[in-house]
Amino acid sequence: MTSKRSFINIMKEDMKLRLWPLALATVGFFFALPVPALIKLEDRIDMAGAMEFIQYDFAKNILGPTNFLVIFGMVIMAVISSMQGMKYLHNKGETDFYGSIPVLRSSKFAAAYLNGILITLVPYLVMQLVAAILGAAKGSLTPAGYLYGLMTAFILMCSYLLIYTIIVLAAILTGHGAVTVCASFVLLFGLEIYAMLAEGYSTNFWVTKYSTEEPRFLMYLCPFTLLPFSLDELDPIPYAYDYLPWSYRAAYGILLTALLLFGLCMYLIKKRPAESAGRAMAFAGTKPIIKVLIMIPVSLTFGIMFSSISEHGAYRWLAFGIIIGLILSHAVVEIIYEFDFKACAKHLPSAAIAAVITAVIVCIFVFDPFGYDSRLPKEDQIQSAAVYVEGLDNGPYTRSYRWDLETLSESDRILKEMDLNDTGSAYALAKAGRDNAALYRMKDGGPIMGSLVSFDLKLKSGKDFKRSYYLDLSDPELYGIFEKLYNTEEYKNAAYYALSEDRLPDLKDITYFTYETADDAKIISDLDERQKQVLIDAISADIRSLTLDDLKADAPVGRLSANVEFKSVQGNPDSGELELGYVYPSFEKTLSLLRDFGADTDNVLRADQIRSIEVSSWDEEAFDEMTLDVIVDPEEIEKLVPDLVLDYYSTVNQAVFGVDRDQTYTVSFKDRNRADEVYVKRAP
Amino acid sequence: MIKAENVTKRFGDVLAVDDITLQIEEGKVFGLIGTNGAGKSTFLRMVSGVLKPDRGTITIDESPVFENPSCKENFFYISDEAYFFLNATPDDMARFYEKCYPAFSRERYEDLMKRFELDRSRKITTFSKGMKKQLSIILGLSAGTKYIFCDETFDGLDPVMRQGVKSLFAQGMTDNGLTPVIASHNLRELEDICDTVGLLYKGGMLLSRDLDDIKEDVHKVQVVFHSDYDPGEIFERLEILEQEKRGSLYTIIARGRQNELNGILRESNPVFMEALPLSLEEIFITSTGVEGYDIKKIIY
């Protein structure tokens, strides 16, 4: 008799109450899988040799990761099935009912939890199978393609499970549906918000913080950002039906997290008092903790939001924002807890704790009591160093491309790959930067002089010490120290890709750009391997003999870029664009070769080509360009031309190459077919 | 036997049940009486294993009830707001309970549904409040459990139905040894059905006794003395709990054995003397000497 009360029976009974989400999932996945499959099959254009693409396209866009209807459906179903399945926890009648019948509450919960998974999984897999059968019947799907679909299902279901379990956890912790929605938001996005705030505050208030362009770790902290990230597939050449190892690792990680959270849910469901149905929070003891955990990020967000309003008095606005954030978040949380507006002034001690913690956090960032900005390892602890100067041989085009598992910013890549043996010089520069930062702090802000120089001091302990300092490289002493580093082989090998022959991928078409548009670019596509090698050798030699003084003296006259094909870490073919580097007037060998290959390298400005030069400046009041003068006198032009540099290239070496940006010079040529070019004047 | 020992339950700052110790014997109807907010429902929810006491223990037939499915097979709890699945019919609910309670009797369910003239295939959401109560009772009686816990179950039933339910309980007690535990704020609802009563007040148990025991010890007598007789001396010998005089008719509620009471009164050679049955109301009025307790609230 007791067997009637088996877990399967409990699940069956629970499922009877959950028919509408099941129907919704079935209909939803029908429209997300078989229907698009039919449309795709109907739109199929059979061409000779196209079958491989058709099959890959079907597998990827119908069963695979780019079927966004399925991903959207997964997220929606995770929300619906968790909320619907756990609503019994929030209703007094239902908690009385389930609490009094001879069924363990953990069994009832586990049955409801598992059904919530099956409600989505079964219709998804069935509809995927239907779509696969349709595709296979028309020859648009191979077994490998279907397997790819199943792998997608596995990765997607892992993400579903995590989002679903987090909302279930929120439902257990709360006693009311509306509060569950708020709690779900906190649990789903809380970690990411905390991390973003830490990143935001440290970037804003720690003057020496080295900021990467894409703090990748943020993606790990929220299931929603992790979901598309976990579907990182192999590049489709030649139609690889698989995911990156990262995707599988992410999926296993997500699955493990979801299972751990499920374990936590099972523990909590046994402890959860039935009388919490209808109340805001199920566990009274968690109320102040959760309140404090909510108040801190809200007040910090308000603080940073208000402090960004004004450049002057940013600290005043920071304090104002934090106080407003604390008051508002305290009031809102208390009103939600009690379902009573009058409760907004209750439980002030927990609000005071949140205020103190927030104040401590803000003080840590603003006053830097732990010396983040002043910290520097001892010189003898440094194994090697890497230096990246913003505004030195880096202009509008970065040299990053997908080379490794991840796309690195140029600064990240250079800091990663550079290993300077002259740690003494690097340390001296870092020390000067550190002292500069201390001065900046002492003056309580103000304009920062110099260029941003990022350091990665690689310690003997294996740790990395990364900081960004402002250094004035026009200072002869600092210039001299940096010049020593610049002239080293280690610096140039890391900073210039063209020098790293061992890492250079297979170069295809090489393009020489003389100006910013592609109109005057010369694509050199007919080079044989030997010619390519000669060109690489030439530019390598020119770069090796390039000095910091050269960069200080002249702006580039062009840049070299190449289409490349390479093998990814998995051994699969990949392609991209590689910037080989800027070409300077001192690059005689390279320029000579480029001329031989038919590129127009004669873009040096000559006075005899010029019809007129319009001098203009920016009028702040009128918020418009204002023409100051139009020079047509050949003598005046002759006098001016040696000091003019193309505006486009003027920023490439701004750390050492100074220009006067107060005025711009628009040059019109006698050759009326030649477009006007914008120049700036070298700094005196 | 249901045993509660030093049971306490708090909801935040509110002390809902305060250190209750109680025994409910098998085979008797136990009435749990108290004003709204006295703690009846909370106590019954703890006895049903819905709520976990903050302190104290509750056992049914010596097994702890909380999170104990085998213990819960022995009782059926009818909440004051009975819950039914969305869009369910009585048959759906019966099928569900059939899987929960090993002794659930389909025949009894069908028989009772017929007797109460309830449509087994009609959606319960279309039932009136009274019909839902009836259905809860039918399902509870069909579950074949040893105990049935009813929270304000008679509230909402018409007098005829109420009588019908009471007779079903009586039948269940006779046939299956059923022990109903009925919580109500209305004393008169329980008057003719309870064998034992527990009176709750502000979370505490004021009184829990067998009605027969109380009735054995307290009696109500109407007596008329000769006009020239002064009953003062007789009354002094009696332990009078309440006394009322209308004309020459005295109504006395006094403590003591019936024959002793009668004997003392007969010594005055009364013109008329008659023993009257005590109502539950009178039992409570006379048995609870708690200051400030408004007994009328649990009666009306």
# chains A, B, ... in the order shown; residues from 1 in each chain; ligands from 1
>>> select_by_dssp(residues="range 154-355 of chain A", states="helix (DSSP H, G or I)", output="PyMOL selection string")
chain A and resi 154-173+177-205+217-220+223-230+245-271+274-276+286-307+314-338+341-345+348-355
>>> write_last_selection(atoms="C-alpha atoms", output="compact mmCIF listing (two decimals), in the first residue's frame")
# COMPACT_ATOMS: atom_id res chain seq x y z
CA PHE A 154 23.25 19.37 -23.11
CA ILE A 155 24.97 22.76 -22.82
CA LEU A 156 21.66 24.62 -22.99
CA MET A 157 20.06 22.37 -20.39
CA CYS A 158 22.98 22.97 -18.03
CA SER A 159 22.35 26.70 -18.25
CA TYR A 160 18.61 26.12 -17.92
CA LEU A 161 19.25 24.08 -14.81
CA LEU A 162 21.31 26.82 -13.21
CA ILE A 163 18.83 29.62 -13.91
CA TYR A 164 15.93 27.37 -12.86
CA THR A 165 17.64 26.27 -9.65
CA ILE A 166 18.55 29.83 -8.69
CA ILE A 167 14.90 30.90 -9.03
CA VAL A 168 13.83 27.81 -7.05
CA LEU A 169 16.28 28.82 -4.34
CA ALA A 170 14.79 32.32 -4.37
CA ALA A 171 11.31 30.79 -3.99
CA ILE A 172 12.46 28.76 -0.99
CA LEU A 173 14.06 31.75 0.67
CA GLY A 177 5.72 35.31 -5.46
CA ALA A 178 6.51 39.02 -5.93
CA VAL A 179 9.36 38.82 -3.45
CA THR A 180 10.63 35.72 -5.25
CA VAL A 181 10.95 37.79 -8.42
CA CYS A 182 13.06 40.38 -6.55
CA ALA A 183 15.13 37.68 -4.85
CA SER A 184 15.71 35.92 -8.18
CA PHE A 185 17.05 39.13 -9.62
CA VAL A 186 19.38 39.52 -6.66
CA LEU A 187 20.61 35.92 -6.88
CA LEU A 188 20.98 35.92 -10.66
CA PHE A 189 22.72 39.26 -11.01
CA GLY A 190 24.01 39.96 -7.49
CA LEU A 191 27.51 38.57 -7.92
CA GLU A 192 27.98 40.30 -11.23
CA ILE A 193 26.73 43.60 -9.78
CA TYR A 194 29.16 43.29 -6.86
CA ALA A 195 32.02 42.50 -9.23
CA MET A 196 31.10 45.36 -11.55
CA LEU A 197 30.98 47.75 -8.62
CA ALA A 198 34.37 46.56 -7.39
CA GLU A 199 35.72 47.05 -10.91
CA GLY A 200 34.03 50.45 -11.24
CA TYR A 201 35.20 51.77 -7.87
CA SER A 202 38.75 50.51 -8.23
CA THR A 203 39.01 51.98 -11.73
CA ASN A 204 37.55 55.28 -10.58
CA PHE A 205 39.39 55.76 -7.32
CA PHE A 217 35.55 37.21 -15.19
CA LEU A 218 32.31 39.20 -15.06
CA MET A 219 30.78 36.76 -17.51
CA TYR A 220 31.27 33.87 -15.11
CA PRO A 223 24.00 32.66 -15.76
CA PHE A 224 22.54 34.97 -18.37
CA THR A 225 25.91 36.26 -19.53
CA LEU A 226 27.40 32.82 -19.16
CA LEU A 227 24.72 31.21 -21.34
CA PRO A 228 25.77 32.59 -24.76
CA PHE A 229 29.38 32.43 -23.68
CA SER A 230 29.10 28.72 -22.91
CA PRO A 245 36.70 22.62 -24.79
CA TRP A 246 35.87 25.78 -22.86
CA SER A 247 32.17 25.26 -23.62
CA TYR A 248 32.20 21.77 -22.15
CA ARG A 249 34.16 22.91 -19.13
CA ALA A 250 31.70 25.76 -18.66
CA ALA A 251 28.77 23.35 -19.00
CA TYR A 252 30.22 20.96 -16.42
CA GLY A 253 30.93 23.89 -14.12
CA ILE A 254 27.40 25.20 -14.54
CA LEU A 255 25.99 21.72 -13.96
CA LEU A 256 28.05 21.26 -10.82
CA THR A 257 26.99 24.67 -9.51
CA ALA A 258 23.35 23.84 -10.20
CA LEU A 259 23.69 20.51 -8.39
CA LEU A 260 25.30 22.19 -5.39
CA LEU A 261 22.50 24.75 -5.33
CA PHE A 262 19.96 21.92 -5.55
CA GLY A 263 21.65 20.35 -2.51
CA LEU A 264 21.30 23.67 -0.72
CA CYS A 265 17.63 23.79 -1.72
CA MET A 266 17.07 20.29 -0.32
CA TYR A 267 18.69 21.33 2.93
CA LEU A 268 16.69 24.54 3.17
CA ILE A 269 13.37 22.93 2.29
CA LYS A 270 13.69 20.73 5.36
CA LYS A 271 14.38 23.77 7.51
CA ALA A 274 5.52 26.27 6.75
CA GLU A 275 4.20 29.44 8.35
CA SER A 276 6.39 31.51 6.04
CA THR A 286 18.21 35.93 6.81
CA LYS A 287 16.26 39.19 6.68
CA PRO A 288 18.93 41.55 8.04
CA ILE A 289 21.70 39.74 6.16
CA ILE A 290 19.91 39.96 2.83
CA LYS A 291 18.94 43.55 3.55
CA VAL A 292 22.55 44.50 4.21
CA LEU A 293 23.70 42.61 1.10
CA ILE A 294 21.17 44.55 -0.98
CA MET A 295 21.76 47.94 0.63
CA ILE A 296 25.52 47.90 0.04
CA PRO A 297 25.50 47.56 -3.77
CA VAL A 298 22.49 49.83 -4.18
CA SER A 299 24.14 52.62 -2.20
CA LEU A 300 27.46 52.08 -3.97
CA THR A 301 25.69 52.25 -7.33
CA PHE A 302 23.93 55.47 -6.36
CA GLY A 303 27.25 56.82 -5.10
CA ILE A 304 29.20 56.16 -8.26
CA MET A 305 26.27 57.33 -10.37
CA PHE A 306 26.05 60.69 -8.62
CA SER A 307 29.82 61.13 -8.40
CA ALA A 314 32.75 64.36 -7.09
CA TYR A 315 33.27 63.24 -3.48
CA ARG A 316 30.36 65.36 -2.28
CA TRP A 317 28.12 63.77 -4.87
CA LEU A 318 29.51 60.37 -4.02
CA ALA A 319 28.52 60.86 -0.39
CA PHE A 320 25.14 62.23 -1.42
CA GLY A 321 24.46 59.26 -3.70
CA ILE A 322 25.49 56.76 -1.06
CA ILE A 323 23.24 58.34 1.57
CA ILE A 324 20.30 58.45 -0.84
CA GLY A 325 20.99 54.85 -1.86
CA LEU A 326 21.13 53.69 1.73
CA ILE A 327 17.89 55.43 2.68
CA LEU A 328 15.99 54.26 -0.37
CA SER A 329 17.20 50.67 -0.29
CA HIS A 330 16.55 50.40 3.45
CA ALA A 331 13.01 51.74 3.04
CA VAL A 332 12.19 49.59 0.03
CA VAL A 333 13.52 46.39 1.61
CA GLU A 334 11.64 47.01 4.86
CA ILE A 335 8.42 47.81 3.00
CA ILE A 336 8.79 44.57 1.04
CA TYR A 337 9.61 42.59 4.19
CA GLU A 338 6.53 43.83 6.04
CA PHE A 341 4.71 51.31 3.86
CA LYS A 342 4.85 52.35 7.50
CA ALA A 343 7.58 49.78 8.08
CA CYS A 344 10.09 51.91 6.16
CA ALA A 345 11.61 53.26 9.36
CA LEU A 348 17.44 50.73 11.77
CA PRO A 349 20.35 48.79 13.33
CA SER A 350 20.73 46.60 10.23
CA ALA A 351 20.59 49.74 8.09
CA ALA A 352 23.32 51.23 10.26
CA ILE A 353 25.45 48.11 9.74
CA ALA A 354 24.98 48.43 5.96
CA ALA A 355 25.91 52.11 6.18
>>> interface_residues(of="chain B", to="chain A", cutoff="9 Å", atoms="only C-alpha atoms", output="ChimeraX atom specification")
/B:11-12,45,48-52,66-86,96-103
>>> write_last_selection(atoms="N, CA and C atoms", output="short mmCIF file (atom, residue, chain, number, x, y, z; two decimals), in the first residue's frame")
data_model
loop_
_atom_site.label_atom_id
_atom_site.label_comp_id
_atom_site.auth_asym_id
_atom_site.auth_seq_id
_atom_site.Cartn_x
_atom_site.Cartn_y
_atom_site.Cartn_z
N PHE B 11 5.00 33.16 16.38
CA PHE B 11 5.09 33.73 15.04
C PHE B 11 5.66 35.13 15.22
N GLY B 12 6.92 35.25 15.07
CA GLY B 12 7.57 36.54 15.30
C GLY B 12 7.42 36.93 16.76
N ARG B 45 -2.50 22.63 13.58
CA ARG B 45 -1.51 22.54 12.49
C ARG B 45 -0.23 21.88 13.00
N SER B 48 -0.98 18.24 13.26
CA SER B 48 -1.03 17.63 11.92
C SER B 48 0.34 17.56 11.26
N GLY B 49 1.34 18.10 11.91
CA GLY B 49 2.68 18.04 11.33
C GLY B 49 2.94 19.12 10.30
N VAL B 50 2.01 20.07 10.18
CA VAL B 50 2.23 21.17 9.23
C VAL B 50 3.29 22.11 9.80
N LEU B 51 3.10 22.47 11.05
CA LEU B 51 4.04 23.37 11.71
C LEU B 51 4.90 22.58 12.68
N LYS B 52 6.11 23.06 12.83
CA LYS B 52 7.01 22.42 13.79
C LYS B 52 7.00 23.27 15.06
N PHE B 66 5.97 15.29 13.17
CA PHE B 66 6.57 16.18 12.16
C PHE B 66 7.48 15.40 11.22
N GLU B 67 7.24 15.58 9.91
CA GLU B 67 8.02 14.92 8.86
C GLU B 67 8.08 13.40 9.05
N ASN B 68 6.93 12.84 9.42
CA ASN B 68 6.88 11.40 9.63
C ASN B 68 5.69 10.83 8.86
N PRO B 69 5.90 10.47 7.58
CA PRO B 69 4.78 10.03 6.75
C PRO B 69 4.02 8.84 7.32
N SER B 70 4.74 7.90 7.95
CA SER B 70 4.01 6.73 8.45
C SER B 70 3.08 7.13 9.59
N CYS B 71 3.48 8.13 10.35
CA CYS B 71 2.61 8.64 11.42
C CYS B 71 1.42 9.39 10.81
N LYS B 72 1.72 10.12 9.74
CA LYS B 72 0.67 10.93 9.12
C LYS B 72 -0.39 10.08 8.41
N GLU B 73 -0.07 8.82 8.15
CA GLU B 73 -1.08 7.93 7.57
C GLU B 73 -2.24 7.71 8.54
N ASN B 74 -1.99 8.04 9.81
CA ASN B 74 -3.01 7.76 10.83
C ASN B 74 -4.02 8.88 11.04
N PHE B 75 -3.80 9.99 10.39
CA PHE B 75 -4.78 11.07 10.57
C PHE B 75 -5.06 11.80 9.26
N PHE B 76 -6.19 12.49 9.26
CA PHE B 76 -6.56 13.31 8.12
C PHE B 76 -6.88 14.69 8.67
N TYR B 77 -6.27 15.67 8.08
CA TYR B 77 -6.42 17.04 8.58
C TYR B 77 -7.31 17.83 7.62
N ILE B 78 -8.38 18.39 8.18
CA ILE B 78 -9.25 19.25 7.37
C ILE B 78 -9.00 20.68 7.84
N SER B 79 -8.34 21.43 6.99
CA SER B 79 -7.99 22.81 7.34
C SER B 79 -9.24 23.70 7.32
N ASP B 80 -9.14 24.86 7.97
CA ASP B 80 -10.30 25.78 7.96
C ASP B 80 -10.58 26.28 6.54
N GLU B 81 -9.53 26.34 5.72
CA GLU B 81 -9.73 26.69 4.31
C GLU B 81 -9.19 25.52 3.50
N ALA B 82 -10.06 24.55 3.27
CA ALA B 82 -9.61 23.32 2.61
C ALA B 82 -9.05 23.63 1.24
N TYR B 83 -7.95 22.95 0.91
CA TYR B 83 -7.31 23.18 -0.38
C TYR B 83 -7.64 22.05 -1.34
N PHE B 84 -8.01 22.44 -2.53
CA PHE B 84 -8.23 21.46 -3.60
C PHE B 84 -7.41 21.89 -4.81
N PHE B 85 -6.96 20.92 -5.58
CA PHE B 85 -6.17 21.26 -6.78
C PHE B 85 -7.01 22.10 -7.73
N LEU B 86 -6.31 22.93 -8.47
CA LEU B 86 -6.97 23.79 -9.44
C LEU B 86 -7.70 22.94 -10.48
N PHE B 96 -6.16 11.19 -5.69
CA PHE B 96 -4.92 11.64 -5.06
C PHE B 96 -4.80 11.07 -3.64
N TYR B 97 -5.88 11.23 -2.87
CA TYR B 97 -5.83 10.74 -1.48
C TYR B 97 -5.67 9.23 -1.42
N GLU B 98 -6.23 8.57 -2.41
CA GLU B 98 -6.12 7.11 -2.47
C GLU B 98 -4.65 6.69 -2.50
N LYS B 99 -3.83 7.55 -3.17
CA LYS B 99 -2.40 7.23 -3.25
C LYS B 99 -1.66 7.61 -1.97
N CYS B 100 -2.27 8.53 -1.22
CA CYS B 100 -1.59 9.00 0.00
C CYS B 100 -1.92 8.13 1.21
N TYR B 101 -3.18 7.72 1.30
CA TYR B 101 -3.63 7.00 2.50
C TYR B 101 -3.88 5.54 2.16
N PRO B 102 -3.12 4.64 2.75
CA PRO B 102 -3.24 3.22 2.41
C PRO B 102 -4.64 2.66 2.68
N ALA B 103 -5.34 3.23 3.68
CA ALA B 103 -6.64 2.66 4.04
C ALA B 103 -7.80 3.39 3.37
#
>>> closest_residue(among="B:Asp210, B:Asp91, B:Asp195, B:Asp158", to="Met173 in chain B", atoms="only C-alpha atoms")
B:Asp195
>>> residues_around(residues="Ile252 in chain B", least_positions_apart="3", cutoff="6 Å", atoms="only C-alpha atoms", output="PyMOL selection string")
chain B and resi 220-221+242-243
>>> write_last_selection(atoms="C-alpha atoms", output="PDB file, in the first residue's frame")
ATOM      1  CA  LYS B 220     -27.568  22.325  38.272  1.00  0.00           C
ATOM      2  CA  VAL B 221     -30.701  22.192  40.344  1.00  0.00           C
ATOM      3  CA  GLU B 242     -23.704  30.209  40.631  1.00  0.00           C
ATOM      4  CA  GLN B 243     -27.052  31.096  42.002  1.00  0.00           C
TER       5      GLN B 243
END
>>> decode(residues="range 97-182 of chain B", atoms="C-alpha atoms", output="mmCIF file, in the first residue's frame")
data_model
loop_
_atom_site.group_PDB
_atom_site.id
_atom_site.type_symbol
_atom_site.label_atom_id
_atom_site.label_comp_id
_atom_site.auth_asym_id
_atom_site.auth_seq_id
_atom_site.Cartn_x
_atom_site.Cartn_y
_atom_site.Cartn_z
ATOM 1 C CA TYR B 97 -5.827 10.741 -1.481
ATOM 2 C CA GLU B 98 -6.118 7.113 -2.471
ATOM 3 C CA LYS B 99 -2.404 7.230 -3.252
ATOM 4 C CA CYS B 100 -1.587 9.004 0.004
ATOM 5 C CA TYR B 101 -3.626 7.000 2.500
ATOM 6 C CA PRO B 102 -3.243 3.218 2.407
ATOM 7 C CA ALA B 103 -6.639 2.656 4.037
ATOM 8 C CA PHE B 104 -8.550 4.962 1.744
ATOM 9 C CA SER B 105 -11.898 3.368 0.904
ATOM 10 C CA ARG B 106 -13.207 4.040 -2.552
ATOM 11 C CA GLU B 107 -16.524 2.409 -1.673
ATOM 12 C CA ARG B 108 -17.016 4.587 1.351
ATOM 13 C CA TYR B 109 -16.139 7.665 -0.694
ATOM 14 C CA GLU B 110 -18.647 6.802 -3.390
ATOM 15 C CA ASP B 111 -21.271 5.944 -0.816
ATOM 16 C CA LEU B 112 -20.818 9.192 1.085
ATOM 17 C CA MET B 113 -20.809 11.264 -2.097
ATOM 18 C CA LYS B 114 -24.118 9.674 -2.958
ATOM 19 C CA ARG B 115 -25.560 10.282 0.494
ATOM 20 C CA PHE B 116 -24.484 13.914 0.462
ATOM 21 C CA GLU B 117 -25.693 14.245 -3.114
ATOM 22 C CA LEU B 118 -22.457 15.790 -4.375
ATOM 23 C CA ASP B 119 -21.534 15.550 -8.041
ATOM 24 C CA ARG B 120 -18.292 13.582 -8.284
ATOM 25 C CA SER B 121 -17.351 14.913 -11.690
ATOM 26 C CA ARG B 122 -18.125 18.575 -11.135
ATOM 27 C CA LYS B 123 -15.262 20.998 -10.700
ATOM 28 C CA ILE B 124 -14.772 21.774 -7.037
ATOM 29 C CA THR B 125 -14.220 25.451 -7.824
ATOM 30 C CA THR B 126 -17.944 25.608 -8.668
ATOM 31 C CA PHE B 127 -18.922 24.208 -5.255
ATOM 32 C CA SER B 128 -20.327 26.423 -2.515
ATOM 33 C CA LYS B 129 -18.373 26.892 0.695
ATOM 34 C CA GLY B 130 -20.624 24.396 2.493
ATOM 35 C CA MET B 131 -20.257 21.838 -0.275
ATOM 36 C CA LYS B 132 -16.480 22.138 -0.098
ATOM 37 C CA LYS B 133 -16.656 21.498 3.627
ATOM 38 C CA GLN B 134 -18.811 18.456 3.033
ATOM 39 C CA LEU B 135 -16.388 17.181 0.438
ATOM 40 C CA SER B 136 -13.464 17.642 2.821
ATOM 41 C CA ILE B 137 -15.282 15.654 5.468
ATOM 42 C CA ILE B 138 -16.208 12.910 2.999
ATOM 43 C CA LEU B 139 -12.624 12.628 1.826
ATOM 44 C CA GLY B 140 -11.432 12.667 5.421
ATOM 45 C CA LEU B 141 -13.835 9.927 6.482
ATOM 46 C CA SER B 142 -12.967 7.876 3.382
ATOM 47 C CA ALA B 143 -9.240 8.109 4.138
ATOM 48 C CA GLY B 144 -9.769 5.414 6.761
ATOM 49 C CA THR B 145 -7.490 7.096 9.258
ATOM 50 C CA LYS B 146 -7.592 6.615 12.989
ATOM 51 C CA TYR B 147 -7.824 10.326 13.700
ATOM 52 C CA ILE B 148 -9.506 13.160 11.911
ATOM 53 C CA PHE B 149 -8.596 16.748 12.693
ATOM 54 C CA CYS B 150 -11.197 19.341 11.837
ATOM 55 C CA ASP B 151 -10.474 23.042 12.014
ATOM 56 C CA GLU B 152 -13.723 25.027 12.114
ATOM 57 C CA THR B 153 -15.231 22.350 9.937
ATOM 58 C CA PHE B 154 -18.805 22.843 11.071
ATOM 59 C CA ASP B 155 -18.656 26.518 10.289
ATOM 60 C CA GLY B 156 -20.563 26.933 7.044
ATOM 61 C CA LEU B 157 -22.607 23.768 7.304
ATOM 62 C CA ASP B 158 -26.341 24.073 7.626
ATOM 63 C CA PRO B 159 -27.922 22.510 10.751
ATOM 64 C CA VAL B 160 -29.155 19.445 8.905
ATOM 65 C CA MET B 161 -25.780 18.819 7.362
ATOM 66 C CA ARG B 162 -24.082 19.477 10.661
ATOM 67 C CA GLN B 163 -26.228 16.829 12.262
ATOM 68 C CA GLY B 164 -25.477 14.468 9.391
ATOM 69 C CA VAL B 165 -21.752 14.960 9.816
ATOM 70 C CA LYS B 166 -21.981 14.414 13.533
ATOM 71 C CA SER B 167 -23.761 11.153 12.987
ATOM 72 C CA LEU B 168 -21.088 10.125 10.483
ATOM 73 C CA PHE B 169 -18.453 10.821 13.078
ATOM 74 C CA ALA B 170 -20.408 8.774 15.587
ATOM 75 C CA GLN B 171 -20.673 5.969 13.051
ATOM 76 C CA GLY B 172 -16.968 6.186 12.318
ATOM 77 C CA MET B 173 -16.197 5.952 16.007
ATOM 78 C CA THR B 174 -18.371 2.903 16.382
ATOM 79 C CA ASP B 175 -17.238 1.132 13.225
ATOM 80 C CA ASN B 176 -13.582 2.121 12.952
ATOM 81 C CA GLY B 177 -12.623 3.544 16.308
ATOM 82 C CA LEU B 178 -12.278 7.014 14.768
ATOM 83 C CA THR B 179 -11.084 9.825 17.024
ATOM 84 C CA PRO B 180 -12.264 13.211 15.809
ATOM 85 C CA VAL B 181 -10.482 16.303 17.094
ATOM 86 C CA ILE B 182 -12.612 19.318 16.354
#
